[in-house]
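Trainee: Pasting run_33.cif here (mmCIF, C-alpha atoms):
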data_entry
loop_
_atom_site.label_atom_id
_atom_site.label_comp_id
_atom_site.auth_asym_id
_atom_site.auth_seq_id
_atom_site.Cartn_x
_atom_site.Cartn_y
_atom_site.Cartn_z
CA MET L 173 0.00 0.00 0.00
CA VAL L 174 1.43 3.35 -1.04
CA GLY L 175 1.54 5.96 1.70
CA PRO L 176 1.37 9.73 1.47
CA PRO L 177 4.25 11.78 0.01
CA ARG L 178 7.18 12.12 2.38
CA ALA L 179 6.56 15.78 3.27
CA VAL L 180 2.90 15.09 4.03
CA ALA L 181 3.90 12.13 6.22
CA VAL L 182 6.41 14.32 8.13
CA LEU L 183 3.69 16.87 8.91
CA ARG L 184 1.21 14.24 10.07
CA SER L 185 3.82 12.56 12.25
CA ALA L 186 4.69 15.91 13.82
CA VAL L 187 1.13 16.65 14.96
CA ARG L 188 0.03 13.13 15.88
CA PRO L 189 1.54 12.74 19.39
CA GLY L 190 0.38 16.12 20.68
CA LEU L 191 -3.07 15.73 19.18
CA ARG L 192 -3.60 12.35 20.81
CA ALA L 193 -2.11 13.42 24.15
CA CYS L 194 -5.04 15.70 24.98
CA ASP L 195 -8.74 15.48 24.13
CA ARG L 196 -9.28 19.25 24.26
CA PRO L 197 -10.43 20.80 20.97
CA VAL L 198 -7.85 22.52 18.80
CA LEU L 199 -8.07 25.76 16.84
CA VAL L 200 -5.31 26.06 14.25
CA ALA L 201 -4.21 29.62 13.55
CA CYS L 202 -4.00 29.88 9.78
CA SER L 203 -2.73 32.89 7.85
CA GLY L 204 -2.92 31.21 4.47
CA GLY L 205 0.86 30.78 4.32
CA ALA L 206 2.52 27.44 3.67
CA ASP L 207 3.40 26.69 7.29
CA SER L 208 -0.07 27.19 8.73
CA VAL L 209 -1.90 25.64 5.74
CA ALA L 210 0.27 22.51 5.98
CA LEU L 211 -0.40 22.39 9.72
CA ALA L 212 -4.16 22.75 9.18
CA ALA L 213 -4.17 19.93 6.64
CA ALA L 214 -2.17 17.60 8.89
CA LEU L 215 -4.41 18.29 11.87
CA ALA L 216 -7.54 17.81 9.79
CA PHE L 217 -6.31 14.38 8.67
CA GLU L 218 -5.09 13.20 12.08
CA ALA L 219 -8.19 14.49 13.92
CA ARG L 220 -10.22 11.57 12.63
CA ALA L 221 -8.09 8.91 14.28
CA ALA L 222 -7.41 10.98 17.40
CA GLY L 223 -11.08 11.70 18.02
CA VAL L 224 -10.31 15.36 18.69
CA ALA L 225 -12.34 18.27 17.34
CA VAL L 226 -10.18 20.56 15.19
CA GLY L 227 -11.28 23.98 13.99
CA GLY L 228 -9.48 26.91 12.47
CA ILE L 229 -9.14 30.65 12.90
CA THR L 230 -7.70 33.30 10.62
CA VAL L 231 -7.02 36.88 11.71
CA ASP L 232 -7.59 39.86 9.43
CA HIS L 233 -5.20 42.60 10.52
CA ALA L 234 -6.77 45.05 8.03
CA LEU L 235 -3.31 46.39 7.16
CA GLN L 236 -3.18 45.51 3.47
CA PRO L 237 -5.61 46.07 0.59
CA GLY L 238 -7.91 43.10 0.12
CA SER L 239 -7.18 41.66 3.56
CA ALA L 240 -10.84 40.84 4.26
CA GLU L 241 -11.18 38.89 1.01
CA ARG L 242 -7.93 37.08 1.68
CA ALA L 243 -9.09 36.10 5.16
CA GLU L 244 -12.31 34.73 3.72
CA ARG L 245 -10.38 32.67 1.14
CA THR L 246 -8.29 31.22 3.95
CA ALA L 247 -11.47 30.42 5.86
CA GLU L 248 -12.89 28.67 2.79
CA LEU L 249 -9.70 26.63 2.50
CA MET L 250 -10.08 25.47 6.09
CA ARG L 251 -13.75 24.62 5.53
CA GLY L 252 -12.64 22.55 2.54
CA LEU L 253 -10.37 20.61 4.92
CA HIS L 254 -13.50 19.93 7.04
CA LEU L 255 -12.31 21.94 10.01
CA SER L 256 -15.07 23.11 12.32
CA PRO L 257 -15.65 25.71 13.54
CA VAL L 258 -13.87 28.07 11.16
CA LEU L 259 -13.56 31.60 12.54
CA VAL L 260 -12.55 34.90 10.97
CA ARG L 261 -11.50 37.63 13.39
CA ARG L 262 -10.83 41.21 12.30
CA VAL L 263 -8.58 43.20 14.64
CA GLU L 264 -7.45 46.77 15.09
CA VAL L 265 -3.67 47.02 15.15
CA GLY L 266 -2.17 49.71 17.34
CA SER L 267 1.27 51.28 17.08
CA THR L 268 3.04 50.27 20.29
CA GLY L 269 6.39 48.59 19.61
CA GLY L 270 6.29 49.07 15.85
CA PRO L 271 4.14 47.40 13.17
CA GLU L 272 5.41 43.84 13.67
CA ALA L 273 4.95 43.85 17.43
CA ALA L 274 1.62 45.67 17.28
CA ALA L 275 0.22 43.21 14.74
CA ARG L 276 1.43 40.28 16.83
CA THR L 277 -0.16 41.71 19.98
CA ALA L 278 -3.52 42.18 18.24
CA ARG L 279 -3.35 38.72 16.64
CA TYR L 280 -2.53 36.88 19.85
CA ALA L 281 -5.27 38.72 21.72
CA ALA L 282 -7.79 37.56 19.11
CA LEU L 283 -6.47 33.99 19.25
CA ALA L 284 -6.63 33.96 23.04
CA ALA L 285 -10.21 35.25 23.02
CA ALA L 286 -11.27 32.56 20.55
CA ALA L 287 -9.55 29.87 22.61
CA GLY L 288 -11.49 30.99 25.67
CA GLU L 289 -14.80 31.03 23.81
CA HIS L 290 -14.36 27.49 22.49
CA GLY L 291 -12.36 25.89 25.30
CA ALA L 292 -9.65 25.09 22.78
CA ARG L 293 -5.88 25.09 22.59
CA ILE L 294 -4.27 27.10 19.80
CA ALA L 295 -2.01 25.37 17.27
CA LEU L 296 0.62 27.62 15.69
CA GLY L 297 2.63 26.87 12.54
CA HIS L 298 6.09 28.01 13.68
CA THR L 299 8.81 25.85 12.14
CA LEU L 300 12.44 25.03 12.86
CA ASP L 301 13.42 27.94 10.63
CA ASP L 302 11.28 30.33 12.69
CA GLN L 303 13.01 29.00 15.80
CA ALA L 304 16.45 29.70 14.31
CA GLU L 305 15.40 33.26 13.46
CA THR L 306 14.08 33.76 16.99
CA VAL L 307 17.39 32.59 18.49
CA LEU L 308 19.35 34.99 16.27
CA LEU L 309 17.06 37.88 17.22
CA GLY L 310 17.54 37.09 20.90
CA LEU L 311 21.32 36.95 20.49
CA GLY L 312 21.46 40.20 18.56
CA ARG L 313 19.29 42.09 21.00
CA GLY L 314 20.95 40.76 24.14
CA SER L 315 17.53 39.86 25.48
CA GLY L 316 18.81 37.24 27.90
CA PRO L 317 18.95 33.44 27.91
CA ARG L 318 15.16 32.92 27.81
CA SER L 319 14.99 34.79 24.53
CA VAL L 320 17.88 32.78 23.10
CA ALA L 321 16.12 29.60 24.24
CA GLY L 322 13.47 30.37 21.66
CA MET L 323 9.90 29.18 21.46
CA VAL L 324 8.55 26.20 23.38
CA ARG L 325 6.51 23.42 21.86
CA LEU L 326 3.79 23.63 24.49
CA ARG L 327 3.08 26.61 26.75
CA ASP L 328 0.16 27.06 29.10
CA ASP L 329 -0.05 30.66 30.27
CA GLY L 330 -2.98 30.01 32.57
CA ALA L 331 -5.58 31.24 30.10
CA VAL L 332 -4.50 29.62 26.83
CA THR L 333 -2.47 26.60 25.79
CA TRP L 334 -0.21 27.47 22.85
CA TRP L 335 0.92 24.44 20.85
CA ARG L 336 3.70 24.54 18.24
CA PRO L 337 4.00 21.01 16.81
CA LEU L 338 6.20 21.98 13.84
CA LEU L 339 9.28 23.28 15.66
CA GLY L 340 11.23 20.29 14.37
CA VAL L 341 10.01 20.67 10.77
CA ARG L 342 11.75 22.73 8.09
CA ARG L 343 9.91 25.48 6.24
CA ALA L 344 10.71 23.82 2.91
CA THR L 345 8.90 20.70 4.08
CA THR L 346 5.66 22.57 4.80
CA ARG L 347 5.76 24.15 1.34
CA ARG L 348 6.39 20.75 -0.27
CA ALA L 349 3.50 19.25 1.69
CA CYS L 350 1.16 21.96 0.42
CA ALA L 351 2.29 21.37 -3.17
CA ASP L 352 1.88 17.60 -2.82
CA GLN L 353 -1.71 18.05 -1.64
CA GLY L 354 -2.62 20.76 -4.14
CA LEU L 355 -3.26 23.31 -1.39
CA PRO L 356 -3.04 26.98 -2.39
CA VAL L 357 -0.53 29.09 -0.49
CA TRP L 358 -0.46 32.85 0.06
CA ASP L 359 2.95 34.46 0.49
CA ASP L 360 2.62 37.53 2.69
CA PRO L 361 4.72 40.32 1.11
CA TRP L 362 5.66 41.51 4.61
CA ASN L 363 7.67 38.30 5.04
CA ALA L 364 10.01 39.43 2.25
CA ASP L 365 10.04 43.15 3.04
CA PRO L 366 13.60 44.21 4.05
CA ALA L 367 12.09 46.95 6.21
CA TYR L 368 11.42 44.22 8.79
CA THR L 369 14.26 42.70 10.79
CA ARG L 370 13.02 39.12 10.69
CA ALA L 371 12.60 39.30 6.91
CA ARG L 372 16.23 40.34 6.51
CA LEU L 373 17.38 37.58 8.84
CA ARG L 374 15.47 35.13 6.67
CA ALA L 375 16.62 36.44 3.31
CA GLU L 376 20.16 37.64 4.06
CA VAL L 377 21.66 36.61 7.41
CA LEU L 378 20.77 32.93 7.64
CA PRO L 379 21.76 32.17 4.02
CA LEU L 380 25.10 33.91 4.60
CA LEU L 381 25.69 31.91 7.79
CA GLU L 382 24.84 28.72 5.92
CA GLN L 383 27.38 29.65 3.25
CA VAL L 384 30.15 30.63 5.65
CA LEU L 385 29.68 27.77 8.12
CA GLY L 386 29.01 25.08 5.56
CA GLY L 387 25.32 24.43 6.18
CA GLY L 388 23.24 23.10 9.02
CA VAL L 389 23.01 26.44 10.79
CA ALA L 390 19.24 26.53 11.35
CA PRO L 391 19.09 23.03 12.93
CA ALA L 392 22.14 23.90 15.05
CA LEU L 393 20.51 27.07 16.35
CA ALA L 394 17.30 25.20 17.13
CA ARG L 395 19.29 22.48 18.90
CA THR L 396 21.14 25.11 20.95
CA ALA L 397 17.82 26.64 21.97
CA GLU L 398 16.54 23.26 23.14
CA LEU L 399 19.65 22.55 25.23
CA LEU L 400 19.59 26.00 26.77
CA ARG L 401 15.89 25.68 27.55
CA GLU L 402 16.56 22.46 29.48
CA ASP L 403 19.15 24.25 31.61
CA LEU L 404 16.86 27.22 32.20
CA ASP L 405 13.95 25.00 33.19
CA ALA L 406 16.17 23.26 35.76
CA LEU L 407 17.29 26.62 37.21
CA ASP L 408 13.70 27.85 37.33
CA ALA L 409 12.65 24.75 39.25
CA LEU L 410 15.48 25.23 41.78
CA ALA L 411 14.58 28.91 42.14
CA GLY L 412 10.93 28.04 42.70
CA ALA L 413 11.88 25.72 45.56
CA GLN L 414 14.11 28.39 47.12
CA LEU L 415 11.38 31.01 46.81
CA THR L 416 8.84 28.76 48.50
CA ARG L 417 11.23 28.13 51.38
CA LEU L 418 12.36 31.74 51.87
CA ALA L 419 8.89 33.24 51.51
CA GLY L 420 7.63 30.72 54.04
CA GLU L 421 10.33 31.74 56.50
CA ALA L 422 9.44 35.43 56.15
CA GLY L 423 5.73 34.78 56.46
CA ASP L 424 4.80 38.40 55.68
CA GLY L 425 5.24 38.64 51.93
CA GLY L 426 8.85 39.79 52.21
CA LEU L 427 12.12 37.97 51.57
CA PRO L 428 15.03 37.57 54.00
CA ALA L 429 18.14 39.13 52.46
CA ALA L 430 20.89 37.14 54.17
CA PRO L 431 20.05 33.69 52.73
CA LEU L 432 19.92 35.20 49.25
CA VAL L 433 23.49 36.48 49.37
CA ASP L 434 25.09 33.04 49.14
CA LEU L 435 22.98 31.83 46.24
CA PRO L 436 24.60 31.79 42.79
CA ALA L 437 23.63 34.92 40.86
CA ALA L 438 21.60 33.01 38.26
CA LEU L 439 19.57 31.35 41.00
CA ARG L 440 19.24 34.42 43.22
CA ARG L 441 17.89 36.62 40.43
CA ARG L 442 15.37 33.98 39.49
CA VAL L 443 14.17 33.90 43.09
CA LEU L 444 13.81 37.69 43.05
CA ARG L 445 12.01 37.65 39.70
CA GLY L 446 9.62 34.95 40.91
CA TRP L 447 8.91 36.90 44.10
CA LEU L 448 8.16 40.10 42.18
CA HIS L 449 6.00 38.34 39.60
CA ALA L 450 4.02 36.63 42.37
CA ALA L 451 3.44 40.06 43.91
CA GLY L 452 1.97 41.26 40.61
CA VAL L 453 4.81 43.56 39.49
CA PRO L 454 4.26 44.05 35.71
CA ASP L 455 6.73 44.62 32.88
CA LEU L 456 9.82 43.68 34.85
CA HIS L 457 13.04 44.38 32.91
CA ALA L 458 16.69 43.54 33.56
CA VAL L 459 17.44 47.04 34.88
CA HIS L 460 14.76 46.64 37.54
CA LEU L 461 16.02 43.22 38.55
CA ARG L 462 19.59 44.50 38.87
CA ALA L 463 18.44 47.30 41.16
CA VAL L 464 16.62 44.85 43.44
CA ASP L 465 19.58 42.46 43.36
CA ALA L 466 21.86 45.29 44.47
CA LEU L 467 19.78 45.60 47.66
CA VAL L 468 20.95 42.08 48.45
CA VAL L 469 24.58 41.83 47.29
CA ALA L 470 25.68 45.47 47.17
CA TRP L 471 23.88 46.87 50.19
CA ARG L 472 25.30 50.28 51.16
CA GLY L 473 22.22 51.87 52.62
CA GLN L 474 20.97 52.97 49.21
CA GLY L 475 17.42 54.02 48.59
CA PRO L 476 14.65 51.77 47.32
CA ALA L 477 14.42 50.21 43.89
CA ASP L 478 11.47 51.70 42.02
CA LEU L 479 9.59 49.24 39.81
CA PRO L 480 6.78 49.39 37.25
CA GLY L 481 3.25 49.36 38.59
CA GLY L 482 3.76 52.01 41.25
CA VAL L 483 5.73 49.87 43.72
CA ARG L 484 9.22 49.87 45.15
CA VAL L 485 11.44 47.39 46.96
CA VAL L 486 13.03 48.49 50.22
CA ARG L 487 15.56 46.64 52.36
CA ALA L 488 14.39 46.91 55.92
CA SER L 489 15.26 44.97 59.10
CA GLY L 490 17.12 42.35 57.08
CA ARG L 491 14.30 41.77 54.61
CA LEU L 492 13.21 42.91 51.20
CA VAL L 493 9.71 44.34 51.33
CA LEU L 494 7.37 45.87 48.77
CA ARG L 495 5.84 49.29 49.34
CA PRO L 496 3.84 51.77 47.29
CA ALA L 497 6.08 54.09 45.29
CA ALA L 498 6.41 57.75 46.24
CA ARG L 499 3.92 60.14 44.65
CA ASP L 500 4.26 63.85 43.94
CA GLY L 501 7.68 63.84 45.52
CA ARG L 502 6.33 62.64 48.88
CA PRO L 503 7.49 59.37 50.44
CA GLY L 504 5.18 56.38 50.40
CA PRO L 505 3.37 55.27 53.55
CA ALA L 506 5.60 54.63 56.52
CA SER L 507 6.43 51.02 57.22
CA ALA L 508 6.34 49.26 60.55
CA VAL L 509 9.82 47.91 59.89
CA ARG L 510 13.02 49.82 60.52
CA GLU L 511 15.28 50.87 57.66
CA GLU L 512 18.74 49.35 57.96
CA PRO L 513 21.56 51.82 58.65
CA VAL L 514 24.49 52.19 56.33
CA PRO L 515 27.18 49.75 57.53
#
So, in terms of structure tokens, how does the structure I just supplied come out?

Mentor:
Amino acid sequence: MVGPPRAVAVLRSAVRPGLRACDRPVLVACSGGADSVALAAALAFEARAAGVAVGGITVDHALQPGSAERAERTAELMRGLHLSPVLVRRVEVGSTGGPEAAARTARYAALAAAAGEHGARIALGHTLDDQAETVLLGLGRGSGPRSVAGMVRLRDDGAVTWWRPLLGVRRATTRRACADQGLPVWDDPWNADPAYTRARLRAEVLPLLEQVLGGGVAPALARTAELLREDLDALDALAGAQLTRLAGEAGDGGLPAAPLVDLPAALRRRVLRGWLHAAGVPDLHAVHLRAVDALVVAWRGQGPADLPGGVRVVRASGRLVLRPAARDGRPGPASAVREEPVP
């Protein structure tokens, strides 16, 4: 018995384990490009055997002429694959962070809302090549090890489960799978526009690296991301255990400073980050974390570390505590704990 073409088989094999591992419905995010169309087709085929409901969603960013018609054509393609439900969501794209970031923010908000409405997880068509580009972007921007570790295959953010089953599949394979199945593909002109950083990485930087280093660069970058992610996950688990212990000792929402001093920097900063996140501090950046860390390892009686969200961290009576930030030049409410003197 003759099986499907190789590229089609690769796509189906990639989605099969994750689809069968959970009986929750799936909504595949489909732009009409080769990656997401190939993913939609593979999920549609495997859904029968897995007994899992698979639908689709396409997002109209309304940024290009004819976007509404294109979104409807993508929806018709998904209906032809027998996905159900098939949703079309039109969004308003803001300007924060530039066009790429703003479009992504609007798109993910629409996907998250649809996931909540239908109790579904969202399947995304990011490939190994996308992972390599993400790693390079993280390296170039100095965004820290989590950024260099790239995208994860499965991420549950508490509200939505994001599933990327194609992170081990090459972009060329998804395009071949579409061709083998006679599926139409739309190539977004933004993906080739040199005005966008990721487009230049794709068209110029990665091919040059492949030429200079003799090939295999994209898989190597993806492999590096996976190894780094394993290390980071282990550190995060250790930090979580330390945070639970230290927060339990304090018992008042603060953290004792002395036990933190002897922790390795990578572990200590993760403990601090976890503590601040648990307290609801938003938009925490490296500069904020360094200021809080200095209250532990470089204590010289300095003032508090001001953080986003109108809060500050103060070292007082041997502990780190959170207080409201000063307003209108006046100090925040007085604390019942005593500020430590300069040694």

Trainee: Calculate how many Å separate atom CA of L:Met323 from atom CA of L:Val231, rounding to one decimal.

Mentor: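 Between these atoms lies a distance of 21.0 Å.
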
Trainee: Got a sec to resolve the PyMOL selection byres ((chain L and resi 407-411) around 12) on this structure and send the residues as a PDB file with C-alpha atoms, in the frame of the given file?

Mentor:
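Saved as result.pdb:
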ATOM      1  CA  PRO L 317      18.950  33.440  27.910  1.00  0.00           C
ATOM      2  CA  ARG L 318      15.160  32.920  27.810  1.00  0.00           C
ATOM      3  CA  LEU L 400      19.590  26.000  26.770  1.00  0.00           C
ATOM      4  CA  ARG L 401      15.890  25.680  27.550  1.00  0.00           C
ATOM      5  CA  GLU L 402      16.560  22.460  29.480  1.00  0.00           C
ATOM      6  CA  ASP L 403      19.150  24.250  31.610  1.00  0.00           C
ATOM      7  CA  LEU L 404      16.860  27.220  32.200  1.00  0.00           C
ATOM      8  CA  ASP L 405      13.950  25.000  33.190  1.00  0.00           C
ATOM      9  CA  ALA L 406      16.170  23.260  35.760  1.00  0.00           C
ATOM     10  CA  GLY L 412      10.930  28.040  42.700  1.00  0.00           C
ATOM     11  CA  ALA L 413      11.880  25.720  45.560  1.00  0.00           C
ATOM     12  CA  GLN L 414      14.110  28.390  47.120  1.00  0.00           C
ATOM     13  CA  LEU L 415      11.380  31.010  46.810  1.00  0.00           C
ATOM     14  CA  THR L 416       8.840  28.760  48.500  1.00  0.00           C
ATOM     15  CA  ARG L 417      11.230  28.130  51.380  1.00  0.00           C
ATOM     16  CA  LEU L 418      12.360  31.740  51.870  1.00  0.00           C
ATOM     17  CA  ALA L 419       8.890  33.240  51.510  1.00  0.00           C
ATOM     18  CA  LEU L 432      19.920  35.200  49.250  1.00  0.00           C
ATOM     19  CA  LEU L 435      22.980  31.830  46.240  1.00  0.00           C
ATOM     20  CA  PRO L 436      24.600  31.790  42.790  1.00  0.00           C
ATOM     21  CA  ALA L 437      23.630  34.920  40.860  1.00  0.00           C
ATOM     22  CA  ALA L 438      21.600  33.010  38.260  1.00  0.00           C
ATOM     23  CA  LEU L 439      19.570  31.350  41.000  1.00  0.00           C
ATOM     24  CA  ARG L 440      19.240  34.420  43.220  1.00  0.00           C
ATOM     25  CA  ARG L 441      17.890  36.620  40.430  1.00  0.00           C
ATOM     26  CA  ARG L 442      15.370  33.980  39.490  1.00  0.00           C
ATOM     27  CA  VAL L 443      14.170  33.900  43.090  1.00  0.00           C
ATOM     28  CA  LEU L 444      13.810  37.690  43.050  1.00  0.00           C
ATOM     29  CA  ARG L 445      12.010  37.650  39.700  1.00  0.00           C
ATOM     30  CA  GLY L 446       9.620  34.950  40.910  1.00  0.00           C
ATOM     31  CA  TRP L 447       8.910  36.900  44.100  1.00  0.00           C
TER      32      TRP L 447
END

Trainee: Can you give me, as a ChimeraX atom specification, the residues this file yields under the PyMOL selection byres ((chain L and resi 257) around 12)?

Mentor: /L:197-200,216,225-230,247-248,250-256,258-260,286-287,289-290,292

Trainee: Report, in Å to a single decimal, how far apart atom CA of L:Ala344 and atom CA of L:Leu211 are.

Mentor: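 Those two atoms sit 13.1 Å apart.
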
Trainee: Using all atoms listed in the file, find the one residue out of L:Cys194, L:Val265, L:Ala349, L:Ala321 that sits nearest to L:Arg178.

Mentor: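 Using all atoms listed in the file, L:Arg178 sits closest to L:Ala349.
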
Trainee: Starting from the shown file, work through the PyMOL selection byres ((chain L and resi 206) around 6) and note down what comes out as a ChimeraX atom specification.

Mentor: /L:205,207-210,346-347,357

Trainee: List as a PyMOL selection string the protein and nucleic acid residues near L:Leu183, meaning an atom at most 12 Å away when only C-alpha atoms are counted, but skip any in the same chain fewer than 2 places from it.

Mentor: chain L and resi 176-181+185-189+206-218+297+299+337-350+352-353

Trainee: Please measure the separation of atom CA of L:Leu378 and atom CA of L:Arg395, giving the value in Å to one decimal.

Mentor: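 Atom-to-atom, atom CA of L:Leu378 and atom CA of L:Arg395 are spaced 15.4 Å apart.
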
Trainee: Using only C-alpha atoms, which residues sit within 12 Å of L:Trp362 once same-chain residues fewer than 2 positions away are excluded, as a VMD selection string?

Mentor: chain L and resid 205 235 to 236 271 to 272 275 358 to 360 364 to 372 374

Trainee: If we draw a sphere of 8 Å around (6.8, 46.1, 49.8), which residues have at least one atom in it when counting all atoms listed in the file? Please report them as a list in words.

Mentor: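 Checked against the point, the hits come out as Gly425, Gly426, Val483, Arg484, Val485, Val486, Leu492, Val493, Leu494, Arg495 and Pro496 of chain L.
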
Trainee: When you count only C-alpha atoms, which of these residues is closest to L:Ser319: L:Ala274, L:Ala304, L:Asp455, L:Val332?

Mentor: L:Ala304

Trainee: Between L:Leu393, L:Asp434, L:Arg472, L:Ala243, which has the minimum distance to L:Leu309 (counting all atoms listed in the file)?

Mentor: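 Once distances to L:Leu309 are computed over all atoms listed in the file, the minimum belongs to L:Leu393.
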
Trainee: Using all atoms of stretch 478-483 of chain L listed in the file and a margin of 5 Å per side, can you give the axis-aligned box centre and edge lengths in Å to one decimal, as JSON?

Mentor:
{"center_x": 7.4, "center_y": 50.6, "center_z": 40.5, "size_x": 18.2, "size_y": 12.8, "size_z": 16.5}

Trainee: Nearest to L:Ala219: which of L:Leu191, L:Gly204, L:Gly238, L:Gly314 is it, counting only C-alpha atoms?

Mentor: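 Comparing L:Leu191, L:Gly204, L:Gly238, L:Gly314 against L:Ala219, the winner is L:Leu191.
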
Trainee: Go through L:His449, L:His233, L:Arg276, L:Arg245 and flag the residue nearest L:Val263, using all atoms listed in the file for the distances.

Mentor: L:His233
